[in-house]
$ cat model-v3.pdb   # PDB, C-alpha atoms, pLDDT in the B column
MODEL        1
ATOM      1  CA  GLY J 247       5.640  -7.634 -15.142  1.00 41.00           C
ATOM      2  CA  GLU J 248       4.906  -8.576 -11.561  1.00 46.00           C
ATOM      3  CA  TRP J 249       8.424  -9.717 -10.710  1.00 45.00           C
ATOM      4  CA  ARG J 250      12.054  -9.555 -11.603  1.00 44.00           C
ATOM      5  CA  TRP J 251      14.945 -11.914 -10.990  1.00 39.00           C
ATOM      6  CA  GLY J 252      16.948 -11.283  -7.862  1.00 43.00           C
ATOM      7  CA  LYS J 253      18.316 -12.787  -4.676  1.00 44.00           C
ATOM      8  CA  PRO J 254      16.448 -11.495  -1.607  1.00 46.00           C
ATOM      9  CA  SER J 255      18.286 -11.506   1.699  1.00 49.00           C
ATOM     10  CA  GLY J 256      17.832 -14.691   3.696  1.00 50.00           C
ATOM     11  CA  LEU J 257      17.147 -16.889   0.678  1.00 48.00           C
ATOM     12  CA  LYS J 258      19.578 -19.375  -0.794  1.00 50.00           C
ATOM     13  CA  GLY J 259      20.050 -19.827  -4.509  1.00 48.00           C
ATOM     14  CA  THR J 260      20.303 -17.414  -7.398  1.00 44.00           C
ATOM     15  CA  GLY J 261      16.889 -17.539  -9.053  1.00 47.00           C
ATOM     16  CA  ALA J 262      14.277 -16.477  -6.509  1.00 46.00           C
ATOM     17  CA  LYS J 263      11.352 -14.350  -7.608  1.00 49.00           C
ATOM     18  CA  LEU J 264      11.417 -10.847  -6.152  1.00 55.00           C
ATOM     19  CA  TYR J 265       8.241  -8.804  -6.435  1.00 68.00           C
ATOM     20  CA  PRO J 266       9.367  -5.143  -6.591  1.00 77.00           C
ATOM     21  CA  TYR J 267       5.796  -3.845  -6.310  1.00 84.00           C
ATOM     22  CA  ALA J 268       2.203  -5.038  -6.298  1.00 89.00           C
ATOM     23  CA  THR J 269       0.338  -4.776  -9.589  1.00 90.00           C
ATOM     24  CA  PRO J 270      -3.432  -4.127  -9.517  1.00 93.00           C
ATOM     25  CA  ALA J 271      -4.107  -7.783 -10.338  1.00 93.00           C
ATOM     26  CA  MET J 272      -1.785  -8.951  -7.550  1.00 93.00           C
ATOM     27  CA  ALA J 273      -3.230  -6.532  -4.982  1.00 95.00           C
ATOM     28  CA  GLN J 274      -6.815  -7.422  -5.829  1.00 95.00           C
ATOM     29  CA  ALA J 275      -6.116 -11.164  -5.619  1.00 96.00           C
ATOM     30  CA  ILE J 276      -4.318 -10.917  -2.275  1.00 96.00           C
ATOM     31  CA  ILE J 277      -6.850  -8.539  -0.700  1.00 96.00           C
ATOM     32  CA  ALA J 278      -9.693 -10.819  -1.802  1.00 96.00           C
ATOM     33  CA  ALA J 279      -7.926 -13.708  -0.045  1.00 95.00           C
ATOM     34  CA  ILE J 280      -7.697 -11.803   3.253  1.00 91.00           C
ATOM     35  CA  PRO J 281     -10.517 -12.641   5.690  1.00 83.00           C
ATOM     36  CA  GLU J 282     -12.232  -9.703   7.335  1.00 77.00           C
ATOM     37  CA  ASN J 283     -11.664 -11.233  10.753  1.00 70.00           C
ATOM     38  CA  ILE J 284      -9.273 -14.007  11.792  1.00 59.00           C
ATOM     39  CA  PRO J 285     -11.061 -16.682  13.878  1.00 55.00           C
ATOM     40  CA  HIS J 286      -9.974 -16.826  17.544  1.00 49.00           C
ATOM     41  CA  SER J 287      -8.047 -13.560  17.192  1.00 51.00           C
ATOM     42  CA  ARG J 288      -7.447 -11.648  20.412  1.00 54.00           C
ATOM     43  CA  SER J 289      -8.257  -8.358  18.711  1.00 52.00           C
ATOM     44  CA  PRO J 290     -10.606  -9.063  15.786  1.00 50.00           C
ATOM     45  CA  HIS J 291     -10.958  -6.292  13.229  1.00 67.00           C
ATOM     46  CA  ASN J 292     -11.374  -5.810   9.511  1.00 86.00           C
ATOM     47  CA  TRP J 293      -8.057  -7.024   8.075  1.00 91.00           C
ATOM     48  CA  ARG J 294      -9.253  -6.800   4.493  1.00 93.00           C
ATOM     49  CA  LEU J 295     -10.179  -3.147   4.913  1.00 95.00           C
ATOM     50  CA  PHE J 296      -6.796  -2.360   6.470  1.00 95.00           C
ATOM     51  CA  PHE J 297      -4.880  -3.610   3.443  1.00 96.00           C
ATOM     52  CA  ARG J 298      -7.384  -2.019   1.096  1.00 96.00           C
ATOM     53  CA  VAL J 299      -6.550   1.318   2.748  1.00 97.00           C
ATOM     54  CA  LEU J 300      -2.837   0.717   2.159  1.00 97.00           C
ATOM     55  CA  TRP J 301      -3.427  -0.178  -1.482  1.00 97.00           C
ATOM     56  CA  GLU J 302      -5.812   2.680  -2.333  1.00 97.00           C
ATOM     57  CA  THR J 303      -3.923   5.466  -0.525  1.00 96.00           C
ATOM     58  CA  GLY J 304      -0.243   4.494  -0.768  1.00 96.00           C
ATOM     59  CA  ILE J 305       0.367   5.225   2.917  1.00 96.00           C
ATOM     60  CA  ARG J 306       2.926   3.298   4.956  1.00 95.00           C
ATOM     61  CA  MET J 307       1.759   0.503   7.252  1.00 94.00           C
ATOM     62  CA  SER J 308       2.779   2.516  10.331  1.00 93.00           C
ATOM     63  CA  GLU J 309       0.628   5.392   9.090  1.00 95.00           C
ATOM     64  CA  GLY J 310      -2.301   3.059   8.524  1.00 95.00           C
ATOM     65  CA  LEU J 311      -2.005   1.604  12.018  1.00 94.00           C
ATOM     66  CA  ALA J 312      -2.037   5.115  13.497  1.00 94.00           C
ATOM     67  CA  LEU J 313      -5.358   6.099  11.880  1.00 95.00           C
ATOM     68  CA  THR J 314      -8.130   7.142  14.276  1.00 95.00           C
ATOM     69  CA  ARG J 315     -11.828   7.885  14.013  1.00 95.00           C
ATOM     70  CA  GLU J 316     -11.130  11.604  13.677  1.00 95.00           C
ATOM     71  CA  ASP J 317      -8.823  10.996  10.710  1.00 96.00           C
ATOM     72  CA  VAL J 318     -11.692   9.815   8.505  1.00 96.00           C
ATOM     73  CA  GLN J 319     -13.320  12.943   7.106  1.00 92.00           C
ATOM     74  CA  GLN J 320     -15.462  13.765   4.103  1.00 88.00           C
ATOM     75  CA  THR J 321     -12.731  16.113   2.897  1.00 86.00           C
ATOM     76  CA  GLY J 322     -10.110  13.355   2.950  1.00 90.00           C
ATOM     77  CA  LEU J 323      -8.082  11.060   5.154  1.00 94.00           C
ATOM     78  CA  LEU J 324      -5.786  12.708   7.712  1.00 94.00           C
ATOM     79  CA  VAL J 325      -2.443  10.900   7.775  1.00 94.00           C
ATOM     80  CA  HIS J 326       0.081  11.517  10.562  1.00 91.00           C
ATOM     81  CA  ARG J 327       3.650  11.325   9.294  1.00 90.00           C
ATOM     82  CA  SER J 328       6.767  11.504  11.456  1.00 82.00           C
ATOM     83  CA  LYS J 329       9.566  13.589   9.996  1.00 74.00           C
ATOM     84  CA  LYS J 330      12.699  14.437  11.957  1.00 72.00           C
ATOM     85  CA  ARG J 331      11.221  14.380  15.467  1.00 76.00           C
ATOM     86  CA  GLU J 332       8.003  16.091  14.459  1.00 82.00           C
ATOM     87  CA  THR J 333       4.646  14.860  13.247  1.00 85.00           C
ATOM     88  CA  ILE J 334       3.132  16.343  10.116  1.00 89.00           C
ATOM     89  CA  VAL J 335      -0.536  15.818   9.261  1.00 91.00           C
ATOM     90  CA  ASP J 336      -1.325  15.483   5.552  1.00 93.00           C
ATOM     91  CA  ARG J 337      -4.834  15.368   4.122  1.00 94.00           C
ATOM     92  CA  LEU J 338      -5.127  12.770   1.367  1.00 95.00           C
ATOM     93  CA  PRO J 339      -8.064  12.376  -1.023  1.00 94.00           C
ATOM     94  CA  VAL J 340      -9.852   9.018  -1.047  1.00 95.00           C
ATOM     95  CA  GLN J 341     -12.506   7.588  -3.307  1.00 94.00           C
ATOM     96  CA  LEU J 342     -16.084   7.681  -2.064  1.00 94.00           C
ATOM     97  CA  SER J 343     -16.309   3.878  -1.831  1.00 95.00           C
ATOM     98  CA  LEU J 344     -13.323   3.716   0.539  1.00 95.00           C
ATOM     99  CA  PHE J 345     -14.710   6.568   2.639  1.00 96.00           C
ATOM    100  CA  ALA J 346     -18.013   4.683   2.932  1.00 95.00           C
ATOM    101  CA  ALA J 347     -16.217   1.463   3.939  1.00 94.00           C
ATOM    102  CA  LEU J 348     -14.223   3.290   6.620  1.00 95.00           C
ATOM    103  CA  SER J 349     -17.345   5.025   7.926  1.00 94.00           C
ATOM    104  CA  SER J 350     -19.138   1.678   8.191  1.00 93.00           C
ATOM    105  CA  HIS J 351     -16.120   0.199   9.966  1.00 92.00           C
ATOM    106  CA  ILE J 352     -16.169   3.000  12.527  1.00 92.00           C
ATOM    107  CA  MET J 353     -19.776   2.121  13.359  1.00 91.00           C
ATOM    108  CA  THR J 354     -18.669  -1.382  14.399  1.00 88.00           C
ATOM    109  CA  LEU J 355     -15.924  -0.231  16.796  1.00 89.00           C
ATOM    110  CA  ARG J 356     -16.315  -0.275  20.554  1.00 87.00           C
ATOM    111  CA  SER J 357     -17.222   3.114  21.973  1.00 88.00           C
ATOM    112  CA  ARG J 358     -13.842   3.520  23.695  1.00 89.00           C
ATOM    113  CA  GLN J 359     -11.781   2.418  20.698  1.00 90.00           C
ATOM    114  CA  ASN J 360     -10.319   5.416  18.900  1.00 93.00           C
ATOM    115  CA  ARG J 361      -7.828   3.706  16.581  1.00 93.00           C
ATOM    116  CA  LEU J 362      -9.323   2.131  13.471  1.00 93.00           C
ATOM    117  CA  PHE J 363      -7.038  -0.914  13.491  1.00 92.00           C
ATOM    118  CA  LEU J 364      -5.563  -2.469  16.629  1.00 87.00           C
ATOM    119  CA  CYS J 365      -3.244  -4.968  14.993  1.00 83.00           C
ATOM    120  CA  LYS J 366       0.527  -5.063  15.391  1.00 88.00           C
ATOM    121  CA  ALA J 367       2.771  -4.561  12.376  1.00 91.00           C
ATOM    122  CA  ARG J 368       4.300  -8.028  12.667  1.00 92.00           C
ATOM    123  CA  ARG J 369       0.894  -9.725  12.847  1.00 90.00           C
ATOM    124  CA  ALA J 370      -0.378  -7.719   9.880  1.00 91.00           C
ATOM    125  CA  ALA J 371       2.594  -8.873   7.800  1.00 93.00           C
ATOM    126  CA  GLN J 372       1.814 -12.485   8.740  1.00 93.00           C
ATOM    127  CA  VAL J 373      -1.819 -12.124   7.659  1.00 92.00           C
ATOM    128  CA  LEU J 374      -0.661 -10.671   4.340  1.00 94.00           C
ATOM    129  CA  LYS J 375       1.753 -13.539   3.703  1.00 94.00           C
ATOM    130  CA  GLN J 376      -0.951 -16.113   4.494  1.00 94.00           C
ATOM    131  CA  ALA J 377      -3.282 -14.421   2.025  1.00 95.00           C
ATOM    132  CA  ALA J 378      -0.495 -14.363  -0.576  1.00 94.00           C
ATOM    133  CA  VAL J 379      -0.212 -18.146  -0.320  1.00 94.00           C
ATOM    134  CA  ARG J 380      -3.948 -18.528  -0.922  1.00 95.00           C
ATOM    135  CA  ALA J 381      -3.670 -16.165  -3.906  1.00 95.00           C
ATOM    136  CA  GLY J 382      -0.797 -18.174  -5.408  1.00 92.00           C
ATOM    137  CA  TYR J 383       2.165 -15.890  -4.647  1.00 91.00           C
ATOM    138  CA  ASP J 384       5.466 -16.669  -2.952  1.00 88.00           C
ATOM    139  CA  PRO J 385       4.976 -15.474   0.662  1.00 89.00           C
ATOM    140  CA  ARG J 386       8.700 -14.921   1.151  1.00 85.00           C
ATOM    141  CA  MET J 387       8.531 -12.103  -1.363  1.00 86.00           C
ATOM    142  CA  ILE J 388       5.393 -10.417  -0.017  1.00 90.00           C
ATOM    143  CA  HIS J 389       5.422  -7.579   2.500  1.00 91.00           C
ATOM    144  CA  PRO J 390       3.057  -4.638   3.167  1.00 92.00           C
ATOM    145  CA  HIS J 391       5.348  -2.010   1.596  1.00 92.00           C
ATOM    146  CA  LEU J 392       4.742  -3.611  -1.820  1.00 92.00           C
ATOM    147  CA  PHE J 393       1.308  -1.982  -1.736  1.00 95.00           C
ATOM    148  CA  ARG J 394       2.864   1.467  -1.352  1.00 94.00           C
ATOM    149  CA  HIS J 395       5.219   0.811  -4.259  1.00 92.00           C
ATOM    150  CA  GLY J 396       2.334  -0.614  -6.276  1.00 92.00           C
ATOM    151  CA  PHE J 397       0.174   2.434  -5.622  1.00 95.00           C
ATOM    152  CA  ALA J 398       2.956   4.689  -6.902  1.00 93.00           C
ATOM    153  CA  MET J 399       3.516   2.626 -10.047  1.00 90.00           C
ATOM    154  CA  ASN J 400      -0.232   2.446 -10.706  1.00 92.00           C
ATOM    155  CA  PHE J 401      -0.556   6.212 -10.266  1.00 94.00           C
ATOM    156  CA  ILE J 402       2.255   6.862 -12.741  1.00 91.00           C
ATOM    157  CA  ALA J 403       0.819   4.387 -15.263  1.00 87.00           C
ATOM    158  CA  GLN J 404      -2.500   6.271 -15.276  1.00 91.00           C
ATOM    159  CA  HIS J 405      -1.210   9.855 -15.026  1.00 91.00           C
ATOM    160  CA  ARG J 406       2.263   9.845 -16.565  1.00 84.00           C
ATOM    161  CA  HIS J 407       1.211  11.996 -19.526  1.00 85.00           C
ATOM    162  CA  GLU J 408       0.206  14.834 -17.195  1.00 89.00           C
ATOM    163  CA  PRO J 409       3.049  17.355 -16.718  1.00 89.00           C
ATOM    164  CA  ASP J 410       2.749  17.555 -12.906  1.00 93.00           C
ATOM    165  CA  CYS J 411       2.287  13.825 -12.341  1.00 92.00           C
ATOM    166  CA  MET J 412       5.377  13.383 -10.169  1.00 94.00           C
ATOM    167  CA  VAL J 413       4.665  16.500  -8.099  1.00 95.00           C
ATOM    168  CA  ARG J 414       1.206  15.170  -7.275  1.00 95.00           C
ATOM    169  CA  LEU J 415       2.593  11.759  -6.409  1.00 95.00           C
ATOM    170  CA  GLN J 416       5.222  13.346  -4.180  1.00 95.00           C
ATOM    171  CA  LYS J 417       2.464  15.109  -2.248  1.00 94.00           C
ATOM    172  CA  ILE J 418       0.418  11.928  -1.853  1.00 95.00           C
ATOM    173  CA  LEU J 419       3.358   9.805  -0.705  1.00 95.00           C
ATOM    174  CA  GLY J 420       4.660  12.494   1.619  1.00 93.00           C
ATOM    175  CA  HIS J 421       8.178  12.606   0.202  1.00 92.00           C
ATOM    176  CA  LYS J 422      10.255  15.623   1.187  1.00 89.00           C
ATOM    177  CA  ARG J 423      12.423  15.455  -1.924  1.00 91.00           C
ATOM    178  CA  ILE J 424      11.171  14.931  -5.481  1.00 93.00           C
ATOM    179  CA  GLU J 425      14.242  12.755  -6.129  1.00 92.00           C
ATOM    180  CA  THR J 426      12.761  10.140  -3.794  1.00 91.00           C
ATOM    181  CA  THR J 427       9.557  10.053  -5.833  1.00 92.00           C
ATOM    182  CA  MET J 428      11.424   9.906  -9.139  1.00 90.00           C
ATOM    183  CA  ARG J 429      12.730   6.415  -8.360  1.00 87.00           C
ATOM    184  CA  TYR J 430       9.295   5.077  -9.308  1.00 84.00           C
ATOM    185  CA  LEU J 431       9.915   6.110 -12.909  1.00 81.00           C
ATOM    186  CA  ASP J 432      11.906   2.922 -13.482  1.00 72.00           C
ATOM    187  CA  PRO J 433      10.180   1.499 -16.598  1.00 69.00           C
ATOM    188  CA  SER J 434       8.607  -1.939 -16.491  1.00 67.00           C
ATOM    189  CA  PHE J 435       9.424  -4.704 -18.973  1.00 71.00           C
ATOM    190  CA  ALA J 436       6.039  -4.146 -20.613  1.00 72.00           C
ATOM    191  CA  ASP J 437       6.960  -0.496 -21.228  1.00 73.00           C
ATOM    192  CA  LEU J 438      10.274  -1.511 -22.776  1.00 79.00           C
ATOM    193  CA  GLN J 439       8.558  -4.132 -24.955  1.00 84.00           C
ATOM    194  CA  ALA J 440       6.080  -1.520 -26.201  1.00 81.00           C
ATOM    195  CA  ASP J 441       8.967   0.778 -27.118  1.00 83.00           C
ATOM    196  CA  ILE J 442      10.675  -1.984 -29.111  1.00 90.00           C
ATOM    197  CA  ASP J 443       7.433  -2.983 -30.853  1.00 91.00           C
ATOM    198  CA  ALA J 444       6.927   0.636 -31.984  1.00 89.00           C
ATOM    199  CA  MET J 445      10.385   0.906 -33.540  1.00 88.00           C
ATOM    200  CA  ALA J 446      11.038   0.712 -37.271  1.00 85.00           C
ATOM    201  CA  PHE J 447      14.006  -1.459 -38.342  1.00 88.00           C
TER     202      PHE J 447
ENDMDL
END

$ encode --input "model-v3.pdb" --output "structure tokens"
Amino acid sequence: GEWRWGKPSGLKGTGAKLYPYATPAMAQAIIAAIPENIPHSRSPHNWRLFFRVLWETGIRMSEGLALTREDVQQTGLLVHRSKKRETIVDRLPVQLSLFAALSSHIMTLRSRQNRLFLCKARRAAQVLKQAAVRAGYDPRMIHPHLFRHGFAMNFIAQHRHEPDCMVRLQKILGHKRIETTMRYLDPSFADLQADIDAMAF
């Protein structure tokens, strides 16, 4: 399912909904509720495209904010990842439709603007929460990293029968240790229900 019971930090009570990751339906609804540009914004840019990039690539928000014109290539998206005082550049595959959207976005940038998205992390999180409200989700439980978790869970759901599924996901997410990637193997309630339904008693 889209949520589990838990008590997030900063919330009173014992029965708050905690979204552990974004499902495709959740991500699509929230992204659709994000305006491309916020009226009267000091630095207007394509907010909807920014969160679409997070959802369709699984990169961290900091990595998305660091993207530049040169990082968008026909051979993939170059993602700069900081690891122990050094920056590693990974090339990630993207679907043609996302590449086309990013290329069109680059055409709208000012000539001196190299970064694709000029927003601050805190402001981006606010825009996401506002869109979550419009999409019918609890904004207290929504944060950008849910898209990264959701990408991983969606990848596993579609490729879990392939023997090297987790190795591929590790490469995409940029994890140094496979144990970090393996945490996404936590089965959903729907998976458990399917197992019970298939049992003979």

$ residues_around --input "model-v3.pdb" --residues "stretch 366-383 of chain J" --least-positions-apart "3" --cutoff "7 Å" --atoms "only C-alpha atoms" --output "PyMOL selection string"
chain J and resi 275-276+279-280+388-390

$ atom_distance --input "model-v3.pdb" --atom1 "atom CA of J:Ile277" --atom2 "atom CA of J:Gln359"
24.5 Å

$ atom_distance --input "model-v3.pdb" --atom1 "atom CA of J:Tyr267" --atom2 "atom CA of J:Phe393"
6.7 Å

$ atom_distance --input "model-v3.pdb" --atom1 "atom CA of J:Gln319" --atom2 "atom CA of J:Ala347"
12.3 Å

$ closest_residue --input "model-v3.pdb" --among "J:Met307, J:Ala271, J:Ile442, J:Met428" --to "J:Cys365" --atoms "all atoms listed in the file"
J:Met307

$ residues_around --input "model-v3.pdb" --residues "J:Leu342" --least-positions-apart "4" --cutoff "10 Å" --atoms "only C-alpha atoms" --output "ChimeraX atom specification"
/J:320,322,346-348

$ closest_residue --input "model-v3.pdb" --among "J:His407, J:Arg337, J:Arg315, J:Lys330" --to "J:Ile352" --atoms "all atoms listed in the file"
J:Arg315

$ closest_residue --input "model-v3.pdb" --among "J:Phe363, J:Lys417, J:Met399, J:Ser308" --to "J:Asn283" --atoms "all atoms listed in the file"
J:Phe363

$ closest_residue --input "model-v3.pdb" --among "J:Thr314, J:Ile424, J:Asn400, J:Pro266" --to "J:Leu355" --atoms "all atoms listed in the file"
J:Thr314

$ closest_residue --input "model-v3.pdb" --among "J:Met353, J:Leu338, J:Ala273, J:Val325" --to "J:Leu313" --atoms "only C-alpha atoms"
J:Val325

$ residues_around --input "model-v3.pdb" --residues "stretch 302-306 of chain J" --least-positions-apart "2" --cutoff "10 Å" --atoms "all atoms listed in the file" --output "PyMOL selection string"
chain J and resi 273+297-300+308-311+323+325-327+338-341+344+390-398+401+415+418-420

$ axis_aligned_box --input "model-v3.pdb" --around "stretch 319-334 of chain J" --padding-each-side "4 Å" --output "JSON"
{"center_x": -1.4, "center_y": 13.6, "center_z": 9.2, "size_x": 36.2, "size_y": 13.4, "size_z": 20.6}

$ resolve_selection --input "model-v3.pdb" --expression "the PyMOL selection byres ((chain J and resi 293) around 7)" --output "NGL selection string"
:J and (280-283 or 291-292 or 294-297)
